[in-house]
>>> print(open('upload33.txt').read())   # compact mmCIF, C-alpha atoms
# COMPACT_ATOMS: atom_id res chain seq x y z
CA MET E 1 0.00 0.00 0.00
CA LYS E 2 2.84 2.38 0.90
CA HIS E 3 4.54 1.66 -2.43
CA THR E 4 1.28 2.31 -4.26
CA LEU E 5 0.80 5.67 -2.52
CA LEU E 6 4.40 6.63 -3.25
CA PHE E 7 3.95 5.74 -6.91
CA ILE E 8 0.74 7.80 -7.13
CA THR E 9 2.47 10.74 -5.43
CA ILE E 10 5.36 10.62 -7.92
CA ILE E 11 2.99 10.45 -10.89
CA PHE E 12 0.94 13.35 -9.54
CA TRP E 13 4.09 15.44 -8.99
CA SER E 14 5.38 14.72 -12.49
CA ILE E 15 2.05 15.67 -14.08
CA THR E 16 1.30 18.82 -12.11
CA ILE E 17 4.15 20.29 -10.08
CA ALA E 18 7.16 19.26 -12.20
CA PRO E 19 6.08 21.01 -15.45
CA THR E 20 5.19 24.16 -13.49
CA PHE E 21 8.57 24.14 -11.75
CA ALA E 22 10.36 23.56 -15.07
CA GLN E 23 8.60 26.50 -16.70
CA ASP E 24 9.03 28.81 -13.69
CA ARG E 25 12.74 27.94 -13.43
CA CYS E 26 13.24 28.58 -17.14
CA ASN E 27 11.42 31.92 -16.97
CA SER E 28 13.40 32.94 -13.89
CA ILE E 29 16.76 32.23 -15.55
CA LEU E 30 15.94 34.02 -18.80
CA ASN E 31 14.57 37.04 -16.95
CA LYS E 32 17.81 37.25 -14.95
CA VAL E 33 19.90 36.97 -18.13
CA VAL E 34 17.95 39.80 -19.78
CA THR E 35 18.08 41.97 -16.62
CA GLU E 36 21.85 41.47 -16.36
CA TYR E 37 22.24 42.45 -20.01
CA ASP E 38 19.98 45.52 -19.75
CA LYS E 39 21.83 46.97 -16.78
CA SER E 40 25.26 46.63 -18.39
CA ASN E 41 26.94 49.48 -20.24
CA GLY E 42 28.22 47.08 -22.85
CA ILE E 43 29.40 43.52 -23.31
CA SER E 44 32.34 42.01 -25.16
CA ALA E 45 32.80 38.35 -26.01
CA LYS E 46 34.32 35.87 -28.41
CA PHE E 47 32.05 33.65 -30.47
CA VAL E 48 32.03 30.66 -32.79
CA ILE E 49 29.09 30.04 -35.12
CA ASN E 50 28.63 26.64 -36.73
CA SER E 51 25.96 26.47 -39.44
CA ILE E 52 24.71 23.18 -40.82
CA THR E 53 22.57 23.18 -43.98
CA ASN E 54 21.85 20.12 -46.14
CA GLY E 55 24.63 18.25 -44.39
CA TYR E 56 27.19 20.93 -45.18
CA GLU E 57 28.82 22.63 -42.20
CA THR E 58 30.55 25.99 -42.05
CA SER E 59 32.25 27.64 -39.11
CA ILE E 60 33.09 31.26 -38.38
CA SER E 61 34.62 32.86 -35.29
CA GLY E 62 35.26 36.36 -34.10
CA ASN E 63 34.74 39.07 -31.50
CA ILE E 64 31.52 40.91 -30.70
CA LEU E 65 30.43 44.04 -28.82
CA LEU E 66 26.82 44.38 -27.61
CA LYS E 67 24.80 47.17 -26.05
CA GLY E 68 21.02 47.25 -26.08
CA LYS E 69 19.86 46.61 -29.66
CA MET E 70 23.27 47.62 -31.00
CA PHE E 71 26.09 45.26 -31.90
CA ALA E 72 29.33 45.11 -33.85
CA PHE E 73 31.40 42.07 -34.69
CA THR E 74 34.53 41.22 -36.62
CA THR E 75 35.70 37.95 -38.16
CA ASP E 76 38.39 36.96 -40.63
CA VAL E 77 35.97 37.33 -43.54
CA MET E 78 33.67 40.20 -42.58
CA GLU E 79 32.86 43.12 -40.31
CA CYS E 80 29.31 44.06 -39.34
CA GLY E 81 27.57 46.58 -37.11
CA TYR E 82 24.14 47.88 -36.16
CA ASP E 83 23.60 51.25 -34.47
CA GLY E 84 19.89 50.76 -33.76
CA GLU E 85 18.82 51.93 -37.21
CA THR E 86 21.41 51.16 -39.87
CA LEU E 87 22.97 47.76 -40.46
CA TRP E 88 26.31 47.79 -42.22
CA SER E 89 28.31 44.81 -43.40
CA TYR E 90 31.71 44.63 -45.01
CA ILE E 91 32.53 41.37 -46.77
CA LYS E 92 36.26 41.55 -47.34
CA SER E 93 36.43 39.22 -50.34
CA ASN E 94 33.86 41.32 -52.25
CA GLU E 95 35.52 44.60 -51.29
CA GLU E 96 32.14 46.25 -50.76
CA ILE E 97 30.03 47.53 -47.90
CA ASN E 98 26.24 47.21 -47.74
CA LEU E 99 24.08 49.64 -45.76
CA SER E 100 20.46 48.71 -44.98
CA ASN E 101 17.58 49.30 -42.58
CA PRO E 102 16.84 45.75 -41.36
CA ASP E 103 13.57 44.45 -39.94
CA GLU E 104 13.30 43.08 -36.41
CA GLU E 105 13.66 39.44 -37.48
CA GLU E 106 17.01 40.13 -39.16
CA ILE E 107 18.35 41.80 -36.02
CA ILE E 108 17.10 39.02 -33.73
CA ASN E 109 19.05 36.52 -35.84
CA MET E 110 22.24 38.53 -35.25
CA ASN E 111 21.75 39.51 -31.61
CA PRO E 112 20.63 36.50 -29.54
CA TYR E 113 19.80 38.69 -26.54
CA LEU E 114 16.87 40.13 -28.46
CA LEU E 115 15.60 36.59 -28.98
CA PHE E 116 15.53 36.16 -25.20
CA LYS E 117 14.26 39.64 -24.38
CA ASN E 118 10.71 38.98 -25.60
CA TYR E 119 10.89 35.19 -25.64
CA ASN E 120 7.55 34.72 -23.83
CA LYS E 121 5.66 36.29 -26.75
CA ARG E 122 7.09 33.78 -29.20
CA PHE E 123 8.16 30.70 -27.23
CA ASN E 124 7.15 28.26 -24.53
CA CYS E 125 10.01 27.74 -22.10
CA SER E 126 11.07 24.61 -20.21
CA TYR E 127 13.97 23.74 -17.92
CA GLU E 128 16.08 20.72 -18.89
CA GLY E 129 18.55 20.52 -16.02
CA LYS E 130 21.85 21.68 -14.60
CA LYS E 131 25.43 20.48 -14.98
CA GLY E 132 28.04 22.40 -13.03
CA THR E 133 27.41 26.10 -13.62
CA SER E 134 25.50 25.44 -16.85
CA GLU E 135 21.70 25.27 -16.92
CA THR E 136 19.92 24.08 -20.06
CA LEU E 137 16.69 25.67 -21.31
CA LEU E 138 14.48 24.65 -24.22
CA LEU E 139 12.36 27.15 -26.15
CA THR E 140 9.67 25.92 -28.53
CA PRO E 141 7.53 28.23 -30.70
CA LYS E 142 3.93 28.91 -29.75
CA ASN E 143 3.03 29.42 -33.41
CA SER E 144 3.18 26.24 -35.49
CA ASN E 145 4.07 28.36 -38.56
CA ASP E 146 7.26 29.66 -36.95
CA ASN E 147 10.38 28.93 -39.02
CA ILE E 148 12.21 27.88 -35.86
CA LYS E 149 11.60 24.37 -34.54
CA SER E 150 13.45 24.79 -31.24
CA VAL E 151 16.10 26.80 -29.41
CA LYS E 152 18.25 25.11 -26.78
CA ALA E 153 20.30 27.47 -24.62
CA SER E 154 22.98 26.68 -22.07
CA VAL E 155 23.17 29.52 -19.56
CA ASN E 156 26.09 30.20 -17.25
CA SER E 157 24.18 30.52 -13.98
CA THR E 158 27.05 32.35 -12.25
CA MET E 159 27.70 35.11 -14.79
CA LEU E 160 24.19 34.96 -16.31
CA PHE E 161 24.95 34.75 -20.02
CA PRO E 162 24.09 32.17 -22.71
CA SER E 163 27.30 30.23 -23.31
CA ARG E 164 25.79 28.05 -26.05
CA ILE E 165 22.71 28.48 -28.25
CA GLU E 166 21.52 25.80 -30.64
CA ILE E 167 18.79 26.81 -33.10
CA ILE E 168 17.06 24.13 -35.16
CA ASN E 169 14.87 25.34 -38.01
CA LYS E 170 11.91 23.69 -39.69
CA ASP E 171 14.02 23.08 -42.81
CA LYS E 172 16.41 21.00 -40.60
CA SER E 173 19.19 23.57 -40.80
CA GLN E 174 21.04 24.28 -37.56
CA ILE E 175 22.91 27.21 -36.08
CA ILE E 176 25.11 26.63 -33.03
CA ILE E 177 26.57 29.69 -31.30
CA THR E 178 29.26 29.23 -28.65
CA ILE E 179 30.24 32.24 -26.53
CA SER E 180 33.42 32.63 -24.47
CA ASP E 181 35.54 35.33 -22.79
CA TYR E 182 32.35 37.10 -21.75
CA ASN E 183 32.90 40.51 -20.13
CA SER E 184 30.07 42.76 -18.92
CA GLN E 185 32.29 45.09 -16.88
CA ILE E 186 33.04 47.55 -19.66
CA ASN E 187 31.62 50.86 -20.87
CA ILE E 188 31.00 50.99 -24.62
CA LYS E 189 30.15 54.26 -26.32
CA GLY E 190 27.39 54.32 -28.93
CA ASP E 191 29.71 55.46 -31.73
CA GLU E 192 31.43 52.05 -31.58
CA PHE E 193 28.43 50.69 -33.53
CA VAL E 194 28.07 53.51 -36.08
CA PHE E 195 29.42 53.00 -39.59
CA ASP E 196 32.44 55.24 -40.20
CA ALA E 197 33.10 55.64 -43.93
CA ARG E 198 36.49 57.24 -43.20
CA LYS E 199 37.85 53.81 -42.24
CA TYR E 200 36.93 52.35 -45.64
CA LYS E 201 38.02 55.04 -48.12
CA ASP E 202 38.83 52.69 -51.00
CA ILE E 203 35.85 50.33 -50.51
CA GLU E 204 32.65 50.57 -52.60
CA ILE E 205 29.60 51.45 -50.49
CA ILE E 206 26.19 50.17 -51.61
CA ASP E 207 23.37 52.02 -49.85
CA LEU E 208 20.20 49.88 -49.79
CA ARG E 209 18.26 52.07 -47.35
>>> encode(input="upload33.txt", output="C-alpha cells")
Amino acid sequence: MKHTLLFITIIFWSITIAPTFAQDRCNSILNKVVTEYDKSNGISAKFVINSITNGYETSISGNILLKGKMFAFTTDVMECGYDGETLWSYIKSNEEINLSNPDEEEIINMNPYLLFKNYNKRFNCSYEGKKGTSETLLLTPKNSNDNIKSVKASVNSTMLFPSRIEIINKDKSQIIITISDYNSQINIKGDEFVFDARKYKDIEIIDLR
C-alpha cells in the first residue's frame, strides 16, 4: 500500500508540479539573463558560429560588442555593425560595404539577446537541467508556422549569459553559437556601432536604405 501511494504521489508530482517548476525555473533564468544584459553598459565576447545546412557545415569565429539593440562584430571574412537603425556589413572578399535598414527578425538573428528579451511572446520555455554552472533551457515556438523548430540554450548561472545556443529550423538547418571570454564590466560608447566611412576610403559602399 505504501509503495502504491508513493507511486501515485510521484505520478501526480510529475504531471502537475514538475512542469510548473520547469517553466518557472526557465522563466526565472531568462529574466535574470535579460536583466543582467539591460543593466550593463556594454558587453564584449568571443564567439564561434557553426551552421549546418543540407549536411554541409561551415564555421566562423570572431569578436563581438553588444549594447542594447546595438552590436558590432569582426571575423576573418567580414565586419558588421548595427547602431539601432542602420545595419552595415563589409565582406572583405567582395571589397564592398552594404548599408540597410533591417527588420526586427534580421536583427534578432544577429543579436541573440533580443531573442531572449521577448521570448515569452514567441516561445514556450522549459527547464532541462543543470550540470556544473551550466543550466539548459528549451524554447519551442507557440506558433506552429514559426520557421524555428526549437532553441536550446545553455546559460552560465554564475555570470548569467548564454554560453551556447543551438537553433534548429523547420528546414532541418542548424545554427550553433558558442560564446566565451564574456565581459560585462566595460563601458562601450554608442559610436562604436556607427558606420564610419572614413575607415573604408577605398571600398565601394552600396546604400540599400
>>> closest_residue(input="upload33.txt", among="E:Ser150, E:Asn111, E:Ser173, E:Asn31", to="E:Ile43", atoms="all atoms listed in the file")
E:Asn111
>>> residues_around(input="upload33.txt", residues="E:Asn120", least_positions_apart="4", cutoff="12 Å", atoms="all atoms listed in the file", output="PDB file with C-alpha atoms, in the frame of the given file")
ATOM      1  CA  GLN E  23       8.600  26.500 -16.700  1.00  0.00           C
ATOM      2  CA  ASP E  24       9.030  28.810 -13.690  1.00  0.00           C
ATOM      3  CA  CYS E  26      13.240  28.580 -17.140  1.00  0.00           C
ATOM      4  CA  ASN E  27      11.420  31.920 -16.970  1.00  0.00           C
ATOM      5  CA  SER E  28      13.400  32.940 -13.890  1.00  0.00           C
ATOM      6  CA  LEU E  30      15.940  34.020 -18.800  1.00  0.00           C
ATOM      7  CA  ASN E  31      14.570  37.040 -16.950  1.00  0.00           C
ATOM      8  CA  LEU E 114      16.870  40.130 -28.460  1.00  0.00           C
ATOM      9  CA  LEU E 115      15.600  36.590 -28.980  1.00  0.00           C
ATOM     10  CA  PHE E 116      15.530  36.160 -25.200  1.00  0.00           C
ATOM     11  CA  ASN E 124       7.150  28.260 -24.530  1.00  0.00           C
ATOM     12  CA  CYS E 125      10.010  27.740 -22.100  1.00  0.00           C
ATOM     13  CA  SER E 126      11.070  24.610 -20.210  1.00  0.00           C
ATOM     14  CA  LEU E 139      12.360  27.150 -26.150  1.00  0.00           C
ATOM     15  CA  THR E 140       9.670  25.920 -28.530  1.00  0.00           C
ATOM     16  CA  PRO E 141       7.530  28.230 -30.700  1.00  0.00           C
ATOM     17  CA  LYS E 142       3.930  28.910 -29.750  1.00  0.00           C
ATOM     18  CA  ASN E 143       3.030  29.420 -33.410  1.00  0.00           C
TER      19      ASN E 143
END
>>> residues_near_point(input="upload33.txt", point="(33.4, 36.0, -32.5)", cutoff="10 Å", atoms="all atoms listed in the file", output="list in words")
Ser44, Ala45, Lys46, Phe47, Val48, Ile49, Ile60, Ser61, Gly62, Asn63, Ile64, Leu65, Phe73, Thr74, Thr75, Asp76, Ile177, Thr178, Ile179, Ser180 and Asp181 of chain E
>>> residues_around(input="upload33.txt", residues="E:Glu96", least_positions_apart="2", cutoff="7 Å", atoms="all atoms listed in the file", output="ChimeraX atom specification")
/E:90-91,94,98,203-205
>>> closest_residue(input="upload33.txt", among="E:Asn145, E:Asn169, E:Thr35, E:Ser134", to="E:Ser157", atoms="all atoms listed in the file")
E:Ser134
>>> atom_distance(input="upload33.txt", atom1="atom CA of E:Ala72", atom2="atom CA of E:Glu192")
7.6 Å
>>> residues_around(input="upload33.txt", residues="stretch 164-168 of chain E", least_positions_apart="6", cutoff="9 Å", atoms="all atoms listed in the file", output="PyMOL selection string")
chain E and resi 112+148-155+174-179
>>> closest_residue(input="upload33.txt", among="E:Leu66, E:Ile107, E:Ile97, E:Ile188", to="E:Glu79", atoms="all atoms listed in the file")
E:Ile97
>>> closest_residue(input="upload33.txt", among="E:Ile108, E:Ile29, E:Ser100, E:Thr158", to="E:Leu138", atoms="all atoms listed in the file")
E:Ile29
>>> atom_distance(input="upload33.txt", atom1="atom CA of E:Leu137", atom2="atom CA of E:Gly42")
24.4 Å
>>> residues_near_point(input="upload33.txt", point="(23.8, 53.1, -41.1)", cutoff="9 Å", atoms="only C-alpha atoms", output="MDAnalysis selection string")
chainID E and resid 81:88 99:101 194:196 207 209
>>> closest_residue(input="upload33.txt", among="E:Thr58, E:Asn156, E:Glu104, E:Thr53", to="E:Gly132", atoms="only C-alpha atoms")
E:Asn156
>>> closest_residue(input="upload33.txt", among="E:Tyr127, E:Phe161, E:Tyr113, E:Tyr119", to="E:Asn183", atoms="only C-alpha atoms")
E:Phe161
>>> atom_distance(input="upload33.txt", atom1="atom CA of E:Met159", atom2="atom CA of E:Thr133")
9.1 Å
>>> decode(input="upload33.txt", residues="stretch 150-198 of chain E", atoms="N, CA and C atoms", output="CSV table (one decimal), in the first residue's frame")
chain,number,residue,atom,x,y,z
E,150,SER,N,13.1,24.7,-32.7
E,150,SER,CA,13.4,24.8,-31.2
E,150,SER,C,14.7,25.6,-31.0
E,151,VAL,N,14.9,26.1,-29.8
E,151,VAL,CA,16.1,26.8,-29.4
E,151,VAL,C,16.5,26.2,-28.1
E,152,LYS,N,17.7,25.6,-28.0
E,152,LYS,CA,18.3,25.1,-26.8
E,152,LYS,C,19.4,26.0,-26.3
E,153,ALA,N,19.3,26.5,-25.1
E,153,ALA,CA,20.3,27.5,-24.6
E,153,ALA,C,20.9,26.9,-23.3
E,154,SER,N,22.2,27.0,-23.3
E,154,SER,CA,23.0,26.7,-22.1
E,154,SER,C,23.4,28.0,-21.4
E,155,VAL,N,22.9,28.2,-20.2
E,155,VAL,CA,23.2,29.5,-19.6
E,155,VAL,C,24.1,29.3,-18.4
E,156,ASN,N,25.2,30.2,-18.4
E,156,ASN,CA,26.1,30.2,-17.3
E,156,ASN,C,25.4,30.8,-16.1
E,157,SER,N,25.0,30.0,-15.1
E,157,SER,CA,24.2,30.5,-14.0
E,157,SER,C,24.9,31.4,-13.0
E,158,THR,N,26.3,31.5,-13.1
E,158,THR,CA,27.1,32.4,-12.3
E,158,THR,C,27.2,33.8,-12.8
E,159,MET,N,27.5,33.8,-14.1
E,159,MET,CA,27.7,35.1,-14.8
E,159,MET,C,26.5,35.5,-15.6
E,160,LEU,N,25.5,34.7,-15.7
E,160,LEU,CA,24.2,35.0,-16.3
E,160,LEU,C,24.3,35.4,-17.8
E,161,PHE,N,24.9,34.5,-18.6
E,161,PHE,CA,25.0,34.8,-20.0
E,161,PHE,C,24.8,33.4,-20.7
E,162,PRO,N,24.2,33.4,-22.0
E,162,PRO,CA,24.1,32.2,-22.7
E,162,PRO,C,25.4,31.8,-23.3
E,163,SER,N,26.0,30.7,-22.8
E,163,SER,CA,27.3,30.2,-23.3
E,163,SER,C,27.2,29.4,-24.6
E,164,ARG,N,26.0,28.8,-24.8
E,164,ARG,CA,25.8,28.0,-26.1
E,164,ARG,C,24.3,28.1,-26.5
E,165,ILE,N,24.1,28.4,-27.7
E,165,ILE,CA,22.7,28.5,-28.2
E,165,ILE,C,22.6,27.6,-29.5
E,166,GLU,N,21.7,26.7,-29.5
E,166,GLU,CA,21.5,25.8,-30.6
E,166,GLU,C,20.1,26.0,-31.2
E,167,ILE,N,20.1,26.5,-32.4
E,167,ILE,CA,18.8,26.8,-33.1
E,167,ILE,C,18.6,25.8,-34.2
E,168,ILE,N,17.4,25.1,-34.1
E,168,ILE,CA,17.1,24.1,-35.2
E,168,ILE,C,15.8,24.7,-35.9
E,169,ASN,N,15.9,24.8,-37.2
E,169,ASN,CA,14.9,25.3,-38.0
E,169,ASN,C,14.0,24.2,-38.6
E,170,LYS,N,12.8,24.6,-39.1
E,170,LYS,CA,11.9,23.7,-39.7
E,170,LYS,C,12.5,23.0,-40.9
E,171,ASP,N,13.4,23.7,-41.6
E,171,ASP,CA,14.0,23.1,-42.8
E,171,ASP,C,15.2,22.2,-42.5
E,172,LYS,N,15.4,21.9,-41.1
E,172,LYS,CA,16.4,21.0,-40.6
E,172,LYS,C,17.8,21.6,-40.6
E,173,SER,N,17.9,22.9,-41.0
E,173,SER,CA,19.2,23.6,-40.8
E,173,SER,C,19.4,23.9,-39.3
E,174,GLN,N,20.7,24.0,-38.9
E,174,GLN,CA,21.0,24.3,-37.6
E,174,GLN,C,22.0,25.4,-37.5
E,175,ILE,N,21.9,26.2,-36.4
E,175,ILE,CA,22.9,27.2,-36.1
E,175,ILE,C,23.3,27.0,-34.6
E,176,ILE,N,24.6,26.8,-34.4
E,176,ILE,CA,25.1,26.6,-33.0
E,176,ILE,C,26.1,27.8,-32.7
E,177,ILE,N,25.7,28.5,-31.7
E,177,ILE,CA,26.6,29.7,-31.3
E,177,ILE,C,27.2,29.4,-30.0
E,178,THR,N,28.5,29.4,-29.9
E,178,THR,CA,29.3,29.2,-28.7
E,178,THR,C,29.9,30.5,-28.3
E,179,ILE,N,29.7,30.9,-27.0
E,179,ILE,CA,30.2,32.2,-26.5
E,179,ILE,C,31.3,32.0,-25.4
E,180,SER,N,32.4,32.7,-25.5
E,180,SER,CA,33.4,32.6,-24.5
E,180,SER,C,34.0,34.0,-24.2
E,181,ASP,N,34.9,34.1,-23.2
E,181,ASP,CA,35.5,35.3,-22.8
E,181,ASP,C,34.5,36.5,-22.6
E,182,TYR,N,33.4,36.2,-22.0
E,182,TYR,CA,32.4,37.1,-21.7
E,182,TYR,C,32.8,38.2,-20.7
E,183,ASN,N,32.5,39.4,-21.0
E,183,ASN,CA,32.9,40.5,-20.1
E,183,ASN,C,31.8,41.6,-20.1
E,184,SER,N,31.1,41.7,-19.0
E,184,SER,CA,30.1,42.8,-18.9
E,184,SER,C,30.5,44.0,-18.1
E,185,GLN,N,31.8,44.0,-17.7
E,185,GLN,CA,32.3,45.1,-16.9
E,185,GLN,C,33.0,46.1,-17.7
E,186,ILE,N,32.4,46.5,-18.8
E,186,ILE,CA,33.0,47.5,-19.7
E,186,ILE,C,32.0,48.6,-20.0
E,187,ASN,N,32.5,49.7,-20.5
E,187,ASN,CA,31.6,50.9,-20.9
E,187,ASN,C,31.8,51.2,-22.3
E,188,ILE,N,30.9,50.8,-23.2
E,188,ILE,CA,31.0,51.0,-24.6
E,188,ILE,C,30.2,52.2,-25.1
E,189,LYS,N,30.8,53.1,-25.8
E,189,LYS,CA,30.1,54.3,-26.3
E,189,LYS,C,29.4,53.9,-27.6
E,190,GLY,N,28.3,54.6,-27.8
E,190,GLY,CA,27.4,54.3,-28.9
E,190,GLY,C,28.1,54.4,-30.3
E,191,ASP,N,29.1,55.3,-30.4
E,191,ASP,CA,29.7,55.5,-31.7
E,191,ASP,C,30.5,54.2,-32.2
E,192,GLU,N,30.7,53.3,-31.2
E,192,GLU,CA,31.4,52.1,-31.6
E,192,GLU,C,30.6,51.2,-32.6
E,193,PHE,N,29.3,51.5,-32.7
E,193,PHE,CA,28.4,50.7,-33.5
E,193,PHE,C,28.0,51.4,-34.8
E,194,VAL,N,28.4,52.7,-34.9
E,194,VAL,CA,28.1,53.5,-36.1
E,194,VAL,C,29.1,53.3,-37.2
E,195,PHE,N,28.5,53.2,-38.4
E,195,PHE,CA,29.4,53.0,-39.6
E,195,PHE,C,30.2,54.3,-39.8
E,196,ASP,N,31.5,54.1,-40.0
E,196,ASP,CA,32.4,55.2,-40.2
E,196,ASP,C,33.1,55.1,-41.6
E,197,ALA,N,32.6,55.8,-42.6
E,197,ALA,CA,33.1,55.6,-43.9
E,197,ALA,C,34.6,56.0,-44.1
E,198,ARG,N,35.1,56.8,-43.1
E,198,ARG,CA,36.5,57.2,-43.2
E,198,ARG,C,37.5,56.1,-43.0
